[in-house]
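Data file: structure.csv. Format and content: CSV, C-alpha atoms and all ligand atoms.
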```csv
chain,number,residue,atom,x,y,z
I,1,MET,CA,10.8,-9.7,-27.3
I,2,ILE,CA,11.1,-6.5,-25.4
I,3,PHE,CA,14.3,-7.4,-23.6
I,4,GLU,CA,17.3,-6.4,-25.7
I,5,LYS,CA,19.7,-8.8,-24.0
I,6,PRO,CA,19.7,-12.6,-23.7
I,7,VAL,CA,17.4,-14.4,-21.4
I,8,ALA,CA,19.1,-16.0,-18.4
I,9,LEU,CA,17.9,-19.5,-17.6
I,10,GLY,CA,18.3,-21.4,-14.4
I,11,ALA,CA,16.6,-24.5,-12.8
I,12,ASP,CA,17.1,-27.1,-10.2
I,13,HIS,CA,16.4,-30.8,-10.8
I,14,GLY,CA,12.6,-30.2,-10.3
I,15,GLY,CA,12.6,-27.6,-13.1
I,16,TYR,CA,15.3,-29.1,-15.4
I,17,ALA,CA,13.0,-30.6,-17.9
I,18,LEU,CA,10.9,-27.5,-18.1
I,19,LYS,CA,14.0,-25.3,-18.6
I,20,GLU,CA,15.0,-27.6,-21.5
I,21,GLU,CA,11.5,-27.1,-23.1
I,22,ILE,CA,11.8,-23.4,-22.7
I,23,LYS,CA,15.3,-23.4,-24.2
I,24,GLN,CA,13.9,-25.1,-27.3
I,25,HIS,CA,11.0,-22.7,-27.5
I,26,LEU,CA,13.3,-19.6,-27.3
I,27,ALA,CA,15.7,-21.1,-29.8
I,28,ALA,CA,12.9,-21.7,-32.3
I,29,GLN,CA,12.1,-18.0,-32.1
I,30,GLY,CA,15.7,-16.9,-32.4
I,31,ILE,CA,15.6,-15.5,-28.9
I,32,PRO,CA,19.1,-15.5,-27.4
I,33,TYR,CA,19.6,-17.1,-24.0
I,34,ARG,CA,22.2,-18.1,-21.5
I,35,ASP,CA,21.8,-21.4,-19.6
I,36,PHE,CA,23.1,-21.3,-16.1
I,37,GLY,CA,22.2,-25.0,-15.4
I,38,THR,CA,21.4,-27.3,-13.8
I,39,ASP,CA,22.3,-29.8,-16.6
I,40,SER,CA,20.6,-33.0,-15.4
I,41,THR,CA,17.9,-34.3,-13.1
I,42,ALA,CA,20.4,-35.1,-10.3
I,43,SER,CA,19.3,-33.5,-7.0
I,44,CYS,CA,20.6,-30.1,-6.4
I,45,ASP,CA,19.7,-26.9,-4.4
I,46,TYR,CA,17.6,-24.3,-6.1
I,47,PRO,CA,19.3,-21.2,-4.5
I,48,ASP,CA,22.5,-22.2,-6.3
I,49,TYR,CA,20.7,-22.0,-9.6
I,50,ALA,CA,18.8,-18.8,-8.8
I,51,LEU,CA,21.8,-16.7,-8.0
I,52,PRO,CA,24.0,-16.8,-11.2
I,53,PRO,CA,21.1,-16.0,-13.7
I,54,CYS,CA,19.8,-13.2,-11.3
I,55,ASP,CA,23.3,-11.8,-11.0
I,56,ALA,CA,23.5,-11.8,-14.8
I,57,VAL,CA,20.3,-9.7,-15.0
I,58,VAL,CA,21.4,-7.3,-12.3
I,59,ASN,CA,24.8,-6.7,-13.9
I,60,GLY,CA,23.3,-6.1,-17.3
I,61,GLU,CA,24.7,-9.2,-19.1
I,62,CYS,CA,21.1,-10.5,-19.5
I,63,GLY,CA,17.8,-8.8,-19.9
I,64,ALA,CA,15.5,-11.0,-17.8
I,65,ALA,CA,15.6,-14.4,-16.2
I,66,ILE,CA,13.3,-17.5,-16.5
I,67,LEU,CA,13.8,-19.8,-13.5
I,68,CYS,CA,12.3,-23.2,-12.8
I,69,CYS,CA,12.1,-25.5,-9.8
I,70,GLY,CA,9.6,-28.1,-8.7
I,71,THR,CA,7.0,-25.5,-7.6
I,72,GLY,CA,8.6,-22.3,-8.9
I,73,VAL,CA,8.2,-21.0,-5.4
I,74,GLY,CA,11.6,-21.8,-3.9
I,75,ILE,CA,13.5,-20.4,-6.8
I,76,SER,CA,11.4,-17.3,-6.8
I,77,ILE,CA,12.0,-16.7,-3.0
I,78,ALA,CA,15.7,-17.1,-3.6
I,79,ALA,CA,15.6,-14.8,-6.7
I,80,ASN,CA,13.8,-12.1,-4.8
I,81,LYS,CA,16.7,-11.9,-2.3
I,82,VAL,CA,18.9,-10.6,-5.1
I,83,LYS,CA,18.9,-6.8,-5.0
I,84,GLY,CA,17.3,-5.5,-8.2
I,85,ILE,CA,15.4,-8.7,-9.0
I,86,ARG,CA,11.6,-8.6,-9.1
I,87,ALA,CA,10.7,-12.3,-9.5
I,88,CYS,CA,7.1,-13.6,-9.9
I,89,CYS,CA,6.1,-17.3,-9.6
I,90,CYS,CA,3.4,-17.7,-12.3
I,91,SER,CA,1.1,-20.5,-13.4
I,92,ASP,CA,-1.5,-18.4,-15.2
I,93,ALA,CA,-1.5,-16.1,-18.1
I,94,PHE,CA,-3.0,-13.1,-16.3
I,95,SER,CA,-0.2,-13.0,-13.7
I,96,ALA,CA,2.6,-13.5,-16.3
I,97,GLU,CA,1.2,-10.5,-18.3
I,98,TYR,CA,0.5,-8.2,-15.4
I,99,THR,CA,3.7,-8.9,-13.5
I,100,ARG,CA,5.3,-7.2,-16.5
I,101,ARG,CA,2.7,-4.4,-16.9
I,102,HIS,CA,2.5,-3.5,-13.2
I,103,ASN,CA,5.6,-4.9,-11.4
I,104,ASN,CA,8.2,-4.6,-14.2
I,105,ALA,CA,9.2,-8.1,-13.2
I,106,ASN,CA,12.6,-9.2,-14.5
I,107,ALA,CA,12.4,-12.8,-13.5
I,108,LEU,CA,9.6,-15.3,-14.3
I,109,CYS,CA,9.6,-18.4,-12.1
I,110,MET,CA,7.6,-21.6,-12.9
I,111,GLY,CA,7.2,-25.0,-11.4
I,112,GLY,CA,8.1,-28.1,-13.5
I,113,ARG,CA,5.7,-30.1,-11.3
I,114,VAL,CA,2.9,-27.4,-11.7
I,115,VAL,CA,2.8,-26.3,-15.3
I,116,GLY,CA,3.1,-28.3,-18.5
I,117,PRO,CA,5.5,-27.3,-21.2
I,118,GLY,CA,2.9,-25.8,-23.5
I,119,LEU,CA,1.5,-23.5,-20.8
I,120,ALA,CA,5.0,-22.6,-19.6
I,121,CYS,CA,6.0,-21.5,-23.1
I,122,THR,CA,2.9,-19.4,-23.4
I,123,LEU,CA,3.7,-17.8,-20.0
I,124,ALA,CA,7.2,-17.2,-21.2
I,125,ASP,CA,6.0,-15.5,-24.4
I,126,LEU,CA,3.7,-13.2,-22.4
I,127,PHE,CA,6.4,-12.3,-20.0
I,128,LEU,CA,9.0,-11.6,-22.7
I,129,ASN,CA,6.7,-9.6,-24.9
I,130,THR,CA,4.7,-7.4,-22.4
I,131,PRO,CA,6.0,-3.9,-21.7
I,132,PHE,CA,6.0,-2.2,-18.3
I,133,GLU,CA,3.3,0.5,-18.0
I,134,GLY,CA,5.3,2.8,-15.8
I,135,GLY,CA,3.4,5.8,-14.3
I,136,ARG,CA,1.8,5.0,-10.9
I,137,HIS,CA,3.4,1.5,-11.0
I,138,GLN,CA,6.9,3.0,-11.1
I,139,LEU,CA,6.1,4.8,-7.8
I,140,ARG,CA,5.3,1.5,-6.2
I,141,ILE,CA,8.4,-0.1,-7.6
I,142,ASP,CA,10.4,2.8,-6.1
I,143,LYS,CA,8.9,1.8,-2.7
I,144,ILE,CA,10.1,-1.8,-3.2
I,145,THR,CA,13.6,-0.5,-4.1
I,146,ALA,CA,13.5,1.7,-0.9
I,147,ILE,CA,12.8,-1.5,1.1
I,148,GLU,CA,15.8,-3.2,-0.5
I,149,ASN,CA,17.9,-0.2,0.4
I,150,ARG,CA,16.8,0.1,4.0
I,201,LIG,C1,13.0,-30.0,-4.9
I,201,LIG,O1,12.5,-31.3,-4.5
I,201,LIG,C2,11.9,-29.0,-4.6
I,201,LIG,O2,11.8,-28.7,-3.3
I,201,LIG,C3,12.3,-27.7,-5.4
I,201,LIG,O3,12.4,-28.0,-6.7
I,201,LIG,C4,11.2,-26.6,-5.3
I,201,LIG,O4,10.0,-27.0,-5.6
I,201,LIG,C5,11.3,-25.8,-4.1
I,201,LIG,O5,10.5,-24.8,-3.9
```
How does this structure look as structure tokens?
Amino acid sequence: MIFEKPVALGADHGGYALKEEIKQHLAAQGIPYRDFGTDSTASCDYPDYALPPCDAVVNGECGAAILCCGTGVGISIAANKVKGIRACCCSDAFSAEYTRRHNNANALCMGGRVVGPGLACTLADLFLNTPFEGGRHQLRIDKITAIENR
């Protein structure tokens, strides 16, 4: 894994089961994580479970976040409101790899009603093991940061 700090996990009820699968997958590889909930399939609101893991990434406690809701979309929208977070909602391998290579994404979002556990773990592995290419891509990220700081 390229991130040197624990992976921050968060999910609403729609992503809870997928988060639990990803936890097991990380643990099997000895990858440290912090689980910010939710802890059951009881209905809850995805912004509440996007913010704590994203804050942990931005404040340096965690290296990256993996976030799950029903579609992966809502929790990615919420995550991208946190200054310093670059979240990508992925359901294919190319996007999971290239959001690291080109966007230096620090949050991977997936939908528990979209991807199965096997694919989700493959996407997580790609995300956690792919380095950022820098160069011209850094210039573009600097422009995103400028939008954040407007
Ligand atoms: C919850 O039903 C669902 O709306 C949520 O998990 C997510 O898919 C929103 O984008």
Can you tell me which residues come within 9 Å of ligand LIG 201 (chain I) when counting only C-alpha atoms and all ligand atoms, ideally as an MDAnalysis selection string?
chainID I and resid 11:15 43:46 68:77 111:113
Shell of 9 Å around I:Leu108, all atoms listed in the file, local chain residues under 6 positions omitted, as a PyMOL selection string
chain I and resi 64-68+72+76+86-90+96+99+123-124+127
Do you have the atom CA of I:Ala146-atom CA of I:Cys62 distance handy?
23.5 Å
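One distance worth recording is that between atom CA of I:Leu9 and atom CA of I:Ile144, which is 24.1 Å.
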Point-to-point distance from atom CA of I:Asn106 to atom CA of I:Thr122, Å rounded to tenths
16.7 Å
Which protein, DNA or RNA residues are at most 12 Å from (12.2, -8.9, -20.2) in the file's coordinates when you count only C-alpha atoms, listed as a PyMOL selection string?
chain I and resi 1-8+31-33+57+60+62-66+85-87+96-97+99-101+103-108+124-132
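Those residues that approach I:Gly10 to within 6 Å, counting only C-alpha atoms, are I:Phe36, I:Gly37, I:Tyr49, I:Leu67; same-chain residues fewer than 2 positions away are not listed.
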Reconstruct N, CA, C and O atoms of stretch 108-119 of chain I from the incomplete input and present them as a compact mmCIF listing (two decimals), in the coordinates of the input.
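Produced file selection_36.txt, reproduced below:
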```txt
# COMPACT_ATOMS: atom_id res chain seq x y z
N LEU I 108 10.84 -14.50 -14.31
CA LEU I 108 9.60 -15.30 -14.30
C LEU I 108 10.01 -16.69 -13.77
O LEU I 108 10.96 -17.31 -14.24
N CYS I 109 9.27 -17.13 -12.76
CA CYS I 109 9.60 -18.40 -12.10
C CYS I 109 8.36 -19.36 -12.36
O CYS I 109 7.21 -18.94 -12.22
N MET I 110 8.67 -20.59 -12.67
CA MET I 110 7.60 -21.60 -12.90
C MET I 110 7.99 -22.92 -12.33
O MET I 110 9.18 -23.22 -12.16
N GLY I 111 6.97 -23.72 -12.05
CA GLY I 111 7.20 -25.00 -11.40
C GLY I 111 7.07 -26.14 -12.45
O GLY I 111 6.03 -26.29 -13.10
N GLY I 112 8.11 -26.93 -12.56
CA GLY I 112 8.10 -28.10 -13.50
C GLY I 112 7.11 -29.14 -13.05
O GLY I 112 6.72 -29.99 -13.86
N ARG I 113 6.68 -29.09 -11.75
CA ARG I 113 5.70 -30.10 -11.30
C ARG I 113 4.30 -29.42 -11.23
O ARG I 113 3.37 -30.01 -10.68
N VAL I 114 4.21 -28.19 -11.76
CA VAL I 114 2.90 -27.40 -11.70
C VAL I 114 2.39 -27.17 -13.08
O VAL I 114 1.20 -27.41 -13.34
N VAL I 115 3.23 -26.66 -13.96
CA VAL I 115 2.80 -26.30 -15.30
C VAL I 115 3.38 -27.24 -16.34
O VAL I 115 4.52 -27.67 -16.20
N GLY I 116 2.61 -27.52 -17.36
CA GLY I 116 3.10 -28.30 -18.50
C GLY I 116 3.93 -27.44 -19.41
O GLY I 116 3.90 -26.20 -19.32
N PRO I 117 4.64 -28.08 -20.34
CA PRO I 117 5.50 -27.30 -21.20
C PRO I 117 4.78 -26.33 -22.13
O PRO I 117 5.29 -25.23 -22.39
N GLY I 118 3.59 -26.69 -22.58
CA GLY I 118 2.90 -25.80 -23.50
C GLY I 118 2.46 -24.51 -22.75
O GLY I 118 2.69 -23.39 -23.25
N LEU I 119 1.90 -24.65 -21.55
CA LEU I 119 1.50 -23.50 -20.80
C LEU I 119 2.76 -22.66 -20.39
O LEU I 119 2.76 -21.43 -20.48
```
